[in-house]
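Asker: Provided below: entry_14.pdb, containing PDB, C-alpha atoms.
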ATOM      1  CA  MET A   1      60.203  67.775  81.785
ATOM      2  CA  THR A   2      62.057  70.999  81.605
ATOM      3  CA  THR A   3      63.824  72.484  84.580
ATOM      4  CA  PRO A   4      63.173  76.116  85.377
ATOM      5  CA  ALA A   5      65.898  78.466  84.297
ATOM      6  CA  ASP A   6      68.035  80.041  86.989
ATOM      7  CA  PRO A   7      66.721  83.467  87.933
ATOM      8  CA  ALA A   8      68.594  86.347  86.375
ATOM      9  CA  PRO A   9      70.927  88.135  88.780
ATOM     10  CA  PRO A  10      69.427  91.315  90.208
ATOM     11  CA  ARG A  11      70.292  94.419  88.263
ATOM     12  CA  ARG A  12      72.394  97.026  89.970
ATOM     13  CA  PRO A  13      70.379 100.164  90.625
ATOM     14  CA  ARG A  14      71.083 102.876  88.109
ATOM     15  CA  THR A  15      73.269 105.640  89.499
ATOM     16  CA  VAL A  16      71.533 109.000  89.813
ATOM     17  CA  PHE A  17      74.297 111.533  89.260
ATOM     18  CA  ARG A  18      74.457 114.989  90.813
ATOM     19  CA  GLY A  19      76.514 118.136  90.677
ATOM     20  CA  LEU A  20      79.518 117.797  92.981
ATOM     21  CA  ASP A  21      82.687 119.900  93.184
ATOM     22  CA  GLY A  22      86.001 118.950  94.748
ATOM     23  CA  ILE A  23      89.205 116.928  94.496
ATOM     24  CA  LEU A  24      89.679 113.348  95.665
ATOM     25  CA  LEU A  25      93.197 112.068  96.310
ATOM     26  CA  LEU A  26      92.704 108.464  95.261
ATOM     27  CA  ASP A  27      95.190 105.691  96.016
ATOM     28  CA  LYS A  28      94.759 103.844  92.724
ATOM     29  CA  PRO A  29      94.935 100.069  93.112
ATOM     30  CA  GLN A  30      97.010  97.812  90.888
ATOM     31  CA  GLY A  31      95.114  96.213  88.019
ATOM     32  CA  LEU A  32      92.791  99.100  87.153
ATOM     33  CA  SER A  33      93.382 101.657  84.441
ATOM     34  CA  SER A  34      93.132 105.288  85.505
ATOM     35  CA  ASN A  35      89.830 105.631  83.666
ATOM     36  CA  GLN A  36      88.401 102.505  85.329
ATOM     37  CA  ALA A  37      89.400 103.891  88.729
ATOM     38  CA  LEU A  38      87.840 107.244  87.843
ATOM     39  CA  GLN A  39      84.534 105.643  86.866
ATOM     40  CA  ARG A  40      84.456 103.606  90.082
ATOM     41  CA  VAL A  41      84.766 106.681  92.286
ATOM     42  CA  ARG A  42      82.510 108.805  90.083
ATOM     43  CA  HIS A  43      79.708 106.282  90.579
ATOM     44  CA  LEU A  44      80.540 105.964  94.271
ATOM     45  CA  PHE A  45      80.201 109.729  94.792
ATOM     46  CA  ARG A  46      77.433 110.016  92.155
ATOM     47  CA  ALA A  47      79.433 112.838  90.588
ATOM     48  CA  GLU A  48      77.940 114.159  87.362
ATOM     49  CA  LYS A  49      81.296 115.242  85.946
ATOM     50  CA  GLY A  50      84.769 113.897  86.666
ATOM     51  CA  GLY A  51      88.276 113.601  85.305
ATOM     52  CA  HIS A  52      91.686 112.427  86.468
ATOM     53  CA  THR A  53      94.973 114.292  86.262
ATOM     54  CA  GLY A  54      97.694 112.182  84.724
ATOM     55  CA  SER A  55      97.273 108.531  83.821
ATOM     56  CA  LEU A  56      98.797 105.707  85.814
ATOM     57  CA  ASP A  57      99.398 102.355  84.129
ATOM     58  CA  PRO A  58      97.288  99.419  85.394
ATOM     59  CA  LEU A  59     100.474  98.022  86.993
ATOM     60  CA  ALA A  60     100.990 101.216  89.000
ATOM     61  CA  THR A  61      99.509 102.238  92.326
ATOM     62  CA  GLY A  62      99.432 105.481  94.232
ATOM     63  CA  LEU A  63      98.226 109.040  93.943
ATOM     64  CA  LEU A  64      95.662 109.759  91.245
ATOM     65  CA  PRO A  65      94.005 113.150  91.826
ATOM     66  CA  VAL A  66      90.393 112.958  90.653
ATOM     67  CA  CYS A  67      88.572 116.200  89.910
ATOM     68  CA  PHE A  68      84.793 116.467  90.226
ATOM     69  CA  GLY A  69      82.595 119.190  88.769
ATOM     70  CA  GLU A  70      84.209 122.618  88.621
ATOM     71  CA  ALA A  71      87.561 121.151  89.691
ATOM     72  CA  THR A  72      87.878 119.669  86.184
ATOM     73  CA  LYS A  73      88.611 123.218  84.999
ATOM     74  CA  ILE A  74      92.005 123.119  86.724
ATOM     75  CA  ALA A  75      92.855 119.528  85.769
ATOM     76  CA  GLY A  76      95.070 120.681  82.896
ATOM     77  CA  GLY A  77      97.307 122.568  85.322
ATOM     78  CA  LEU A  78      97.688 119.521  87.538
ATOM     79  CA  LEU A  79      98.628 117.384  84.523
ATOM     80  CA  GLY A  80     101.770 119.441  84.077
ATOM     81  CA  ALA A  81     102.761 119.351  87.743
ATOM     82  CA  ARG A  82     105.921 117.852  89.195
ATOM     83  CA  LYS A  83     105.488 114.249  90.378
ATOM     84  CA  ALA A  84     107.396 111.705  92.465
ATOM     85  CA  TYR A  85     107.537 107.916  92.145
ATOM     86  CA  GLU A  86     109.130 104.891  93.727
ATOM     87  CA  THR A  87     109.813 102.027  91.356
ATOM     88  CA  VAL A  88     111.401  98.607  91.332
ATOM     89  CA  ALA A  89     113.494  97.953  88.219
ATOM     90  CA  ARG A  90     114.139  94.335  87.313
ATOM     91  CA  LEU A  91     117.433  93.989  85.470
ATOM     92  CA  GLY A  92     118.361  91.549  82.733
ATOM     93  CA  ILE A  93     115.012  91.361  80.904
ATOM     94  CA  THR A  94     113.471  93.787  78.419
ATOM     95  CA  THR A  95     109.770  93.611  77.536
ATOM     96  CA  ASP A  96     107.636  95.065  74.756
ATOM     97  CA  THR A  97     105.802  97.344  77.206
ATOM     98  CA  ASP A  98     108.878  98.184  79.325
ATOM     99  CA  ASP A  99     107.087  96.780  82.380
ATOM    100  CA  ALA A 100     106.194  93.432  83.924
ATOM    101  CA  GLU A 101     102.860  93.228  82.076
ATOM    102  CA  GLY A 102     104.560  92.931  78.690
ATOM    103  CA  GLN A 103     106.048  90.047  76.768
ATOM    104  CA  PRO A 104     109.793  89.393  77.233
ATOM    105  CA  LEU A 105     111.842  90.472  74.239
ATOM    106  CA  ARG A 106     115.401  89.753  75.345
ATOM    107  CA  GLU A 107     117.186  88.311  78.344
ATOM    108  CA  ARG A 108     120.802  89.123  79.163
ATOM    109  CA  PRO A 109     123.136  88.370  82.051
ATOM    110  CA  VAL A 110     123.511  91.123  84.598
ATOM    111  CA  PRO A 111     127.169  92.103  84.976
ATOM    112  CA  ALA A 112     128.843  92.712  88.312
ATOM    113  CA  LEU A 113     127.825  96.287  89.077
ATOM    114  CA  SER A 114     129.095  98.675  91.734
ATOM    115  CA  ILE A 115     127.063 101.425  93.370
ATOM    116  CA  ASP A 116     129.315 103.968  91.658
ATOM    117  CA  GLN A 117     128.457 102.494  88.246
ATOM    118  CA  ILE A 118     124.745 102.585  89.004
ATOM    119  CA  ASP A 119     124.933 106.163  90.298
ATOM    120  CA  ALA A 120     126.850 107.228  87.183
ATOM    121  CA  ALA A 121     124.141 105.765  84.938
ATOM    122  CA  LEU A 122     121.424 107.479  86.985
ATOM    123  CA  ARG A 123     123.202 110.836  86.594
ATOM    124  CA  GLN A 124     123.095 110.433  82.804
ATOM    125  CA  LEU A 125     119.306 110.217  83.048
ATOM    126  CA  THR A 126     118.902 113.234  85.338
ATOM    127  CA  GLY A 127     118.241 116.835  84.329
ATOM    128  CA  ARG A 128     116.954 118.037  80.974
ATOM    129  CA  ILE A 129     117.181 114.972  78.757
ATOM    130  CA  ARG A 130     115.674 113.445  75.617
ATOM    131  CA  GLN A 131     113.359 110.473  76.052
ATOM    132  CA  ARG A 132     111.562 108.104  73.693
ATOM    133  CA  PRO A 133     108.133 107.218  75.130
ATOM    134  CA  PRO A 134     107.067 103.547  75.218
ATOM    135  CA  ILE A 135     105.322 102.121  72.160
ATOM    136  CA  TYR A 136     102.579 100.857  74.474
ATOM    137  CA  SER A 137     101.385 104.232  75.746
ATOM    138  CA  ALA A 138      98.301 106.448  75.740
ATOM    139  CA  LEU A 139      99.953 108.935  73.398
ATOM    140  CA  LYS A 140      97.758 109.439  70.362
ATOM    141  CA  ARG A 141      98.559 109.384  66.677
ATOM    142  CA  GLY A 142      95.798 110.012  64.179
ATOM    143  CA  GLY A 143      93.344 110.236  67.081
ATOM    144  CA  GLU A 144      94.144 106.703  68.275
ATOM    145  CA  PRO A 145      96.270 105.634  71.273
ATOM    146  CA  LEU A 146      99.604 104.098  70.334
ATOM    147  CA  TYR A 147      98.895 101.010  72.439
ATOM    148  CA  ALA A 148      95.952 100.177  70.156
ATOM    149  CA  LYS A 149      98.213 100.312  67.101
ATOM    150  CA  ALA A 150     100.906  98.272  68.879
ATOM    151  CA  ARG A 151      98.414  95.553  69.819
ATOM    152  CA  ARG A 152      97.516  95.188  66.139
ATOM    153  CA  GLY A 153     101.171  94.644  65.345
ATOM    154  CA  GLU A 154     101.598  97.910  63.446
ATOM    155  CA  SER A 155     105.116  99.280  63.088
ATOM    156  CA  ILE A 156     105.431 102.444  65.178
ATOM    157  CA  GLU A 157     108.201 105.024  65.198
ATOM    158  CA  ILE A 158     108.185 107.434  68.145
ATOM    159  CA  ASP A 159     110.282 110.587  68.220
ATOM    160  CA  GLU A 160     112.284 111.501  71.279
ATOM    161  CA  ARG A 161     111.154 114.525  73.245
ATOM    162  CA  ASP A 162     112.522 116.807  75.944
ATOM    163  CA  ILE A 163     111.673 115.971  79.552
ATOM    164  CA  GLU A 164     112.882 117.131  82.963
ATOM    165  CA  VAL A 165     114.064 114.597  85.552
ATOM    166  CA  HIS A 166     114.716 116.441  88.810
ATOM    167  CA  ALA A 167     115.912 113.385  90.757
ATOM    168  CA  PHE A 168     116.733 109.775  89.892
ATOM    169  CA  ASP A 169     118.209 108.094  92.952
ATOM    170  CA  LEU A 170     119.073 104.574  94.059
ATOM    171  CA  LEU A 171     117.298 103.521  97.259
ATOM    172  CA  ASN A 172     118.242  99.859  97.460
ATOM    173  CA  ALA A 173     120.301  97.312  95.520
ATOM    174  CA  ALA A 174     120.611  94.614  98.168
ATOM    175  CA  ASP A 175     119.920  91.520  96.069
ATOM    176  CA  LEU A 176     122.231  92.734  93.313
ATOM    177  CA  LEU A 177     125.102  93.192  95.747
ATOM    178  CA  ASP A 178     124.730  90.148  97.990
ATOM    179  CA  GLY A 179     124.043  87.659  95.184
ATOM    180  CA  GLN A 180     121.497  85.737  97.274
ATOM    181  CA  LEU A 181     118.907  85.357  94.520
ATOM    182  CA  GLU A 182     117.007  82.093  94.311
ATOM    183  CA  ASN A 183     115.595  80.099  91.391
ATOM    184  CA  GLY A 184     117.452  82.129  88.809
ATOM    185  CA  ALA A 185     115.591  85.352  89.639
ATOM    186  CA  SER A 186     117.051  88.512  88.141
ATOM    187  CA  PRO A 187     118.242  91.284  90.481
ATOM    188  CA  THR A 188     116.255  94.445  91.169
ATOM    189  CA  LEU A 189     116.952  98.059  92.013
ATOM    190  CA  ARG A 190     114.610 100.219  94.082
ATOM    191  CA  LEU A 191     114.626 103.776  92.740
ATOM    192  CA  HIS A 192     113.186 107.206  93.580
ATOM    193  CA  ILE A 193     112.192 109.572  90.763
ATOM    194  CA  GLU A 194     111.014 113.174  90.691
ATOM    195  CA  CYS A 195     110.087 114.440  87.262
ATOM    196  CA  GLY A 196     108.082 116.894  85.212
ATOM    197  CA  SER A 197     105.204 116.465  82.825
ATOM    198  CA  GLY A 198     105.441 113.911  80.026
ATOM    199  CA  THR A 199     108.057 111.705  81.681
ATOM    200  CA  TYR A 200     107.619 107.931  81.432
ATOM    201  CA  VAL A 201     109.169 105.998  84.313
ATOM    202  CA  ARG A 202     109.061 102.870  82.131
ATOM    203  CA  SER A 203     111.306 104.607  79.601
ATOM    204  CA  LEU A 204     113.705 105.772  82.308
ATOM    205  CA  VAL A 205     114.062 102.219  83.603
ATOM    206  CA  ARG A 206     114.444 100.842  80.077
ATOM    207  CA  ASP A 207     117.215 103.353  79.332
ATOM    208  CA  LEU A 208     118.901 102.718  82.683
ATOM    209  CA  GLY A 209     119.024  99.007  81.880
ATOM    210  CA  GLU A 210     120.705  99.736  78.557
ATOM    211  CA  LEU A 211     123.290 101.981  80.208
ATOM    212  CA  LEU A 212     124.058  99.135  82.631
ATOM    213  CA  GLY A 213     124.483  96.742  79.708
ATOM    214  CA  CYS A 214     121.735  94.284  80.592
ATOM    215  CA  GLY A 215     118.368  95.858  79.923
ATOM    216  CA  GLY A 216     115.551  96.140  82.409
ATOM    217  CA  HIS A 217     111.878  96.815  82.975
ATOM    218  CA  VAL A 218     109.526  98.181  85.643
ATOM    219  CA  ALA A 219     108.407  95.470  88.057
ATOM    220  CA  GLU A 220     106.599  97.775  90.500
ATOM    221  CA  LEU A 221     105.596 101.425  90.357
ATOM    222  CA  ARG A 222     103.981 103.725  92.898
ATOM    223  CA  ARG A 223     103.259 107.432  92.560
ATOM    224  CA  LEU A 224     104.053 109.159  95.842
ATOM    225  CA  TRP A 225     102.898 112.719  95.232
ATOM    226  CA  VAL A 226     101.857 115.289  92.659
ATOM    227  CA  ASP A 227     102.274 119.031  93.167
ATOM    228  CA  PRO A 228     100.747 120.694  95.110
ATOM    229  CA  PHE A 229      99.854 117.536  97.085
ATOM    230  CA  ARG A 230     103.308 116.780  98.527
ATOM    231  CA  GLU A 231     102.019 114.942 101.629
ATOM    232  CA  PRO A 232      98.730 113.544 100.379
ATOM    233  CA  ARG A 233      96.088 111.883 102.509
ATOM    234  CA  MET A 234      95.060 109.249  99.957
ATOM    235  CA  TRP A 235      91.872 107.185 100.010
ATOM    236  CA  THR A 236      91.662 103.594  98.806
ATOM    237  CA  LEU A 237      88.589 102.283  97.012
ATOM    238  CA  PRO A 238      87.717  99.824  99.837
ATOM    239  CA  ALA A 239      87.958 102.620 102.425
ATOM    240  CA  LEU A 240      85.653 104.848 100.384
ATOM    241  CA  GLU A 241      83.170 102.019  99.821
ATOM    242  CA  ASP A 242      83.114 101.265 103.551
ATOM    243  CA  LEU A 243      82.510 104.930 104.370
ATOM    244  CA  ARG A 244      79.645 105.106 101.915
ATOM    245  CA  GLU A 245      78.034 101.948 103.299
ATOM    246  CA  GLN A 246      78.584 102.524 106.999
ATOM    247  CA  ALA A 247      78.504 106.300 107.405
ATOM    248  CA  GLY A 248      76.572 107.574 104.399
ATOM    249  CA  GLU A 249      77.062 109.947 101.523
ATOM    250  CA  ARG A 250      77.500 113.088 103.620
ATOM    251  CA  VAL A 251      80.520 111.634 105.403
ATOM    252  CA  LEU A 252      81.894 110.382 102.087
ATOM    253  CA  GLU A 253      81.815 113.949 100.739
ATOM    254  CA  ALA A 254      84.067 115.015 103.613
ATOM    255  CA  CYS A 255      86.903 113.112 101.877
ATOM    256  CA  LEU A 256      86.953 115.731  99.126
ATOM    257  CA  LEU A 257      89.311 118.682  99.107
ATOM    258  CA  PRO A 258      88.004 122.072  97.949
ATOM    259  CA  VAL A 259      88.861 123.209  94.441
ATOM    260  CA  GLU A 260      91.258 125.796  95.908
ATOM    261  CA  ALA A 261      93.470 123.004  97.278
ATOM    262  CA  GLY A 262      94.594 122.215  93.737
ATOM    263  CA  MET A 263      95.720 125.790  93.067
ATOM    264  CA  THR A 264      97.862 126.608  96.101
ATOM    265  CA  SER A 265     101.154 126.560  94.192
ATOM    266  CA  TRP A 266      99.946 128.775  91.325
ATOM    267  CA  PRO A 267     100.353 132.585  91.235
ATOM    268  CA  SER A 268      97.195 134.337  92.347
ATOM    269  CA  VAL A 269      95.505 137.742  92.391
ATOM    270  CA  ARG A 270      92.730 138.996  94.661
ATOM    271  CA  VAL A 271      89.724 141.044  93.606
ATOM    272  CA  ASN A 272      86.992 142.803  95.550
ATOM    273  CA  GLU A 273      83.277 142.153  95.233
ATOM    274  CA  VAL A 274      82.638 144.737  92.507
ATOM    275  CA  GLN A 275      85.614 143.540  90.483
ATOM    276  CA  ALA A 276      84.430 139.947  90.871
ATOM    277  CA  GLN A 277      81.059 140.975  89.440
ATOM    278  CA  ARG A 278      82.723 142.492  86.394
ATOM    279  CA  LEU A 279      84.789 139.354  85.863
ATOM    280  CA  GLY A 280      81.595 137.323  86.162
ATOM    281  CA  LEU A 281      80.239 139.258  83.204
ATOM    282  CA  GLY A 282      83.332 138.368  81.196
ATOM    283  CA  GLN A 283      84.811 141.889  81.477
ATOM    284  CA  GLY A 284      88.490 142.569  82.073
ATOM    285  CA  LEU A 285      90.050 144.734  84.784
ATOM    286  CA  ARG A 286      92.694 147.406  84.258
ATOM    287  CA  GLY A 287      94.791 146.558  87.299
ATOM    288  CA  PRO A 288      97.785 146.731  87.555
ATOM    289  CA  TYR A 289      97.976 143.020  88.419
ATOM    290  CA  ARG A 290     101.019 140.805  88.754
ATOM    291  CA  PRO A 291     102.551 138.443  87.722
ATOM    292  CA  THR A 292     102.133 138.301  83.956
ATOM    293  CA  GLY A 293     100.606 135.111  82.568
ATOM    294  CA  GLN A 294      98.038 132.664  83.927
ATOM    295  CA  VAL A 295      96.849 133.339  87.468
ATOM    296  CA  VAL A 296      94.284 132.072  89.922
ATOM    297  CA  ILE A 297      91.625 134.655  90.730
ATOM    298  CA  LEU A 298      90.601 134.793  94.398
ATOM    299  CA  ASP A 299      87.903 136.868  96.049
ATOM    300  CA  GLU A 300      88.431 138.926  99.211
ATOM    301  CA  HIS A 301      87.899 135.831 101.358
ATOM    302  CA  GLY A 302      90.358 133.642  99.477
ATOM    303  CA  ARG A 303      87.729 131.649  97.611
ATOM    304  CA  GLY A 304      88.744 130.653  94.111
ATOM    305  CA  LEU A 305      86.763 132.304  91.314
ATOM    306  CA  GLY A 306      88.628 130.674  88.453
ATOM    307  CA  LEU A 307      91.549 131.252  86.132
ATOM    308  CA  GLY A 308      92.616 134.448  84.449
ATOM    309  CA  GLU A 309      95.362 135.974  82.347
ATOM    310  CA  VAL A 310      97.426 139.047  83.204
ATOM    311  CA  ASP A 311      98.760 140.856  80.142
ATOM    312  CA  GLY A 312     101.964 142.853  79.751
ATOM    313  CA  GLU A 313     100.247 146.038  80.898
ATOM    314  CA  GLY A 314      98.891 144.505  84.082
ATOM    315  CA  GLY A 315      95.333 144.038  82.858
ATOM    316  CA  LEU A 316      93.388 141.006  84.070
ATOM    317  CA  ARG A 317      90.900 139.093  81.944
ATOM    318  CA  PRO A 318      88.946 135.979  82.971
ATOM    319  CA  THR A 319      89.733 132.818  80.988
ATOM    320  CA  ARG A 320      87.882 130.049  82.838
ATOM    321  CA  LEU A 321      85.664 130.961  85.754
ATOM    322  CA  PHE A 322      83.985 128.606  88.155
ATOM    323  CA  ARG A 323      80.218 128.333  88.102
ATOM    324  CA  TRP A 324      79.763 130.364  91.295
ATOM    325  CA  ALA A 325      81.935 133.196  89.966
ATOM    326  CA  ALA A 326      79.974 133.548  86.736
ATOM    327  CA  ALA A 327      76.765 133.578  88.776
ATOM    328  CA  THR A 328      77.874 136.743  90.598
ATOM    329  CA  GLY A 329      78.029 138.715  87.370
ATOM    330  CA  LYS A 330      75.442 141.482  87.145
ATOM    331  CA  PRO A 331      75.310 144.945  85.544
ATOM    332  CA  ALA A 332      78.028 147.082  87.092
ATOM    333  CA  ALA A 333      78.283 150.076  84.815
ATOM    334  CA  ALA A 334      79.534 152.318  87.583
ATOM    335  CA  ALA A 335      82.239 149.921  88.691
ATOM    336  CA  THR A 336      85.880 150.755  88.030
ATOM    337  CA  GLY A 337      88.803 148.389  87.598
TER     338      GLY A 337
END
If you took the structure in this file and wrote it as structure tokens, what would it be?

Answerer:
Amino acid sequence: MTTPADPAPPRRPRTVFRGLDGILLLDKPQGLSSNQALQRVRHLFRAEKGGHTGSLDPLATGLLPVCFGEATKIAGGLLGARKAYETVARLGITTDTDDAEGQPLRERPVPALSIDQIDAALRQLTGRIRQRPPIYSALKRGGEPLYAKARRGESIEIDERDIEVHAFDLLNAADLLDGQLENGASPTLRLHIECGSGTYVRSLVRDLGELLGCGGHVAELRRLWVDPFREPRMWTLPALEDLREQAGERVLEACLLPVEAGMTSWPSVRVNEVQAQRLGLGQGLRGPYRPTGQVVILDEHGRGLGLGEVDGEGGLRPTRLFRWAAATGKPAAAATG
């Protein structure tokens, strides 16, 4: 006699995506990649199009701006923004990933260190410096992430590159100084970092450990803010899921910031209704507009129309308009710039 097979688990309903515009300030949890976190919230909001601005390692937590819909058009500008982190560096052990998720490569005793010695090493890693990114990183070579090559055991050489570290400060070194560690644990330093685009905190901690003569790796990492979101109201995944379940989709949407919130620190120009129509047709304006270079284009009411470029003569041309700006374009032969 055969026993009936267990019933198959119920299938999750297929997500019906929709057009949705805005920016979510997500508090990424530990253990998820940035892309996994993005997909979770994209399905939660049913957003047709989404992207994140600047990857966080699975070990890391904290601010991950997620752009939905038309906000993805400004994601590149947020990628290059100044960022701040708090990290815990564990001294005495180097790993192949430069963080706690990697395999230990070398263990060394931690020498007696003074605050002055630590501060001196931090100063060497502040300002415009050269940095070698981690081998296990999302940087691509030949169209493939370096971490994929590293996992296959391929030999990888990575060139140093210029980065900007605006601040690298010691917050706490209590267990290093009081010597009250138990069970042979290695001492830690709690550090604050403010840096520009392309900086790897893991590499900073690795290089700090070498300057201190003992090596080190990132044990904890949290991103505090990303320009222009200096005091972010972040949302955790559980909080968003609870809102969706208990209050509904309309309330969930209220967690989103408008697209304009991501452009507040960029130079901007304002145009009137007729000029906006010309831009919507892809036509340039004579101006004069200032400053030269990439600008945010705003209408008379301060609503963002998209991105533009001001040339050396003050002329403005549209480079990437939002959907609603392009929709305003209509014949305007009599209009003047």

Asker: Would you kindly return, as a PDB file with C-alpha atoms, in the frame of the given file, each protein, DNA or RNA residue with an atom no farther than 12 Å from any atom of Leu25 of chain A, considering all atoms listed in the file and excluding same-chain residues fewer than 2 positions away?

Answerer:
ATOM      1  CA  GLY A  22      86.001 118.950  94.748  1.00  0.00           C
ATOM      2  CA  ILE A  23      89.205 116.928  94.496  1.00  0.00           C
ATOM      3  CA  ASP A  27      95.190 105.691  96.016  1.00  0.00           C
ATOM      4  CA  LYS A  28      94.759 103.844  92.724  1.00  0.00           C
ATOM      5  CA  ALA A  37      89.400 103.891  88.729  1.00  0.00           C
ATOM      6  CA  LEU A  38      87.840 107.244  87.843  1.00  0.00           C
ATOM      7  CA  VAL A  41      84.766 106.681  92.286  1.00  0.00           C
ATOM      8  CA  HIS A  52      91.686 112.427  86.468  1.00  0.00           C
ATOM      9  CA  THR A  53      94.973 114.292  86.262  1.00  0.00           C
ATOM     10  CA  GLY A  62      99.432 105.481  94.232  1.00  0.00           C
ATOM     11  CA  LEU A  63      98.226 109.040  93.943  1.00  0.00           C
ATOM     12  CA  LEU A  64      95.662 109.759  91.245  1.00  0.00           C
ATOM     13  CA  PRO A  65      94.005 113.150  91.826  1.00  0.00           C
ATOM     14  CA  VAL A  66      90.393 112.958  90.653  1.00  0.00           C
ATOM     15  CA  CYS A  67      88.572 116.200  89.910  1.00  0.00           C
ATOM     16  CA  PHE A  68      84.793 116.467  90.226  1.00  0.00           C
ATOM     17  CA  ARG A 223     103.259 107.432  92.560  1.00  0.00           C
ATOM     18  CA  LEU A 224     104.053 109.159  95.842  1.00  0.00           C
ATOM     19  CA  TRP A 225     102.898 112.719  95.232  1.00  0.00           C
ATOM     20  CA  VAL A 226     101.857 115.289  92.659  1.00  0.00           C
ATOM     21  CA  ASP A 227     102.274 119.031  93.167  1.00  0.00           C
ATOM     22  CA  PRO A 228     100.747 120.694  95.110  1.00  0.00           C
ATOM     23  CA  PHE A 229      99.854 117.536  97.085  1.00  0.00           C
ATOM     24  CA  ARG A 230     103.308 116.780  98.527  1.00  0.00           C
ATOM     25  CA  GLU A 231     102.019 114.942 101.629  1.00  0.00           C
ATOM     26  CA  PRO A 232      98.730 113.544 100.379  1.00  0.00           C
ATOM     27  CA  ARG A 233      96.088 111.883 102.509  1.00  0.00           C
ATOM     28  CA  MET A 234      95.060 109.249  99.957  1.00  0.00           C
ATOM     29  CA  TRP A 235      91.872 107.185 100.010  1.00  0.00           C
ATOM     30  CA  THR A 236      91.662 103.594  98.806  1.00  0.00           C
ATOM     31  CA  LEU A 237      88.589 102.283  97.012  1.00  0.00           C
ATOM     32  CA  LEU A 240      85.653 104.848 100.384  1.00  0.00           C
ATOM     33  CA  CYS A 255      86.903 113.112 101.877  1.00  0.00           C
ATOM     34  CA  LEU A 256      86.953 115.731  99.126  1.00  0.00           C
ATOM     35  CA  LEU A 257      89.311 118.682  99.107  1.00  0.00           C
ATOM     36  CA  PRO A 258      88.004 122.072  97.949  1.00  0.00           C
ATOM     37  CA  ALA A 261      93.470 123.004  97.278  1.00  0.00           C
ATOM     38  CA  GLY A 262      94.594 122.215  93.737  1.00  0.00           C
TER      39      GLY A 262
END

Asker: Pick out the closest residue to Val201 of chain A from this set: A:Ile297, A:Ile115, A:Ala89, A:Val274. Count all atoms listed in the file.

Answerer: A:Ala89

Asker: Enumerate, as a VMD selection string, the residues matched when the PyMOL selection byres ((chain A and resi 166) around 10) is run on the file above.

Answerer: chain A and resid 82 to 84 125 to 128 163 to 165 167 to 169 193 to 196

Asker: Would you mind telling me which residue in A:Gly293, A:Gly80, A:Pro318, A:Gly54 lies nearest to Arg278 of chain A when using only C-alpha atoms?

Answerer: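 The closest residue to Arg278 of chain A is A:Pro318.
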
Asker: Name the closest residue to Arg190 of chain A among the candidates A:Glu220, A:Glu300, A:Asp162, A:Glu309; distances are taken between atoms, counting all atoms listed in the file.

Answerer: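 Closest to Arg190 of chain A of all the choices is A:Glu220.
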
Asker: Excluding same-chain residues fewer than 5 positions from Ala325 of chain A, what lies within 9 Å of it counting all atoms listed in the file, as a PDB file with C-alpha atoms, keeping the file's coordinate frame?

Answerer:
ATOM      1  CA  ALA A 276      84.430 139.947  90.871  1.00  0.00           C
ATOM      2  CA  GLN A 277      81.059 140.975  89.440  1.00  0.00           C
ATOM      3  CA  LEU A 279      84.789 139.354  85.863  1.00  0.00           C
ATOM      4  CA  GLY A 280      81.595 137.323  86.162  1.00  0.00           C
ATOM      5  CA  GLY A 304      88.744 130.653  94.111  1.00  0.00           C
ATOM      6  CA  LEU A 305      86.763 132.304  91.314  1.00  0.00           C
ATOM      7  CA  GLY A 306      88.628 130.674  88.453  1.00  0.00           C
TER       8      GLY A 306
END

Asker: Set the distance at 12 Å and use all atoms listed in the file: which residues neighbour Arg161 of chain A once local chain neighbours fewer than 6 positions away are removed? I'd like the list as a list in words.

Answerer: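 So, after excluding close chain neighbours, the residues are Arg128, Ile129, Arg130, Gln131, Arg132, Pro133, Pro134, Ser197, Gly198, Thr199, Tyr200 and Ser203 of chain A.
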
Asker: Let me make sure I understand: among A:Val259, A:Ala60, A:Leu204, A:Cys214, which one has the smallest atom-to-atom distance to Gln124 of chain A if we use all atoms listed in the file?

Answerer: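 Answer, going by the shortest atom-to-atom distance: A:Leu204.
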
Asker: Which value, in Å to one decimal, gives the distance between atom CA of Leu44 of chain A and atom CA of Trp324 of chain A?

Answerer: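 These atoms are spaced 24.6 Å apart.
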
Asker: Name the residues captured by the PyMOL selection byres ((chain A and resi 269-273) around 10) when it is applied to the shown file; answer as a PyMOL selection string.

Answerer: chain A and resi 267-268+274-279+285+287+289-291+295-305+307-308+310+316+328+337

Asker: What is the distance, in Å and to one decimal place, between atom CA of Glu253 of chain A and atom CA of His43 of chain A?

Answerer: 12.9 Å

Asker: List, as a list in words, every residue that the PyMOL selection byres ((chain A and resi 206) around 7) selects in the file provided.

Answerer: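 Listing what the PyMOL selection byres ((chain A and resi 206) around 7) selects in the shown file: Asp98, Arg202, Ser203, Leu204, Val205, Asp207, Leu208, Gly209, Glu210, Gly215, Gly216 and His217 of chain A.
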
Asker: Quick one: of A:Leu212, A:Ala112, A:Leu191, A:Leu24, who's nearest to Asn172 of chain A, counting only C-alpha atoms?

Answerer: A:Leu191

Asker: Given all atoms listed in the file as the basis, pick out the residue of A:Ala326, A:Leu20, A:Val218, A:Ala174 nearest to Gly69 of chain A.

Answerer: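 Looking at the shortest contact to Gly69 of chain A, the residue is A:Leu20.
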
Asker: Just the number, please: distance in Å from atom CA of Pro238 of chain A to atom CA of Leu252 of chain A, one decimal.

Answerer: 12.3 Å

Asker: Grab all the atoms of segment 227-230 of chain A that the file lists, wrap them in a box along x, y and z, add 3 Å per side, and give me centre plus edge lengths in Å (one decimal) as JSON.

Answerer:
{"center_x": 101.6, "center_y": 118.7, "center_z": 95.8, "size_x": 9.5, "size_y": 9.9, "size_z": 11.4}
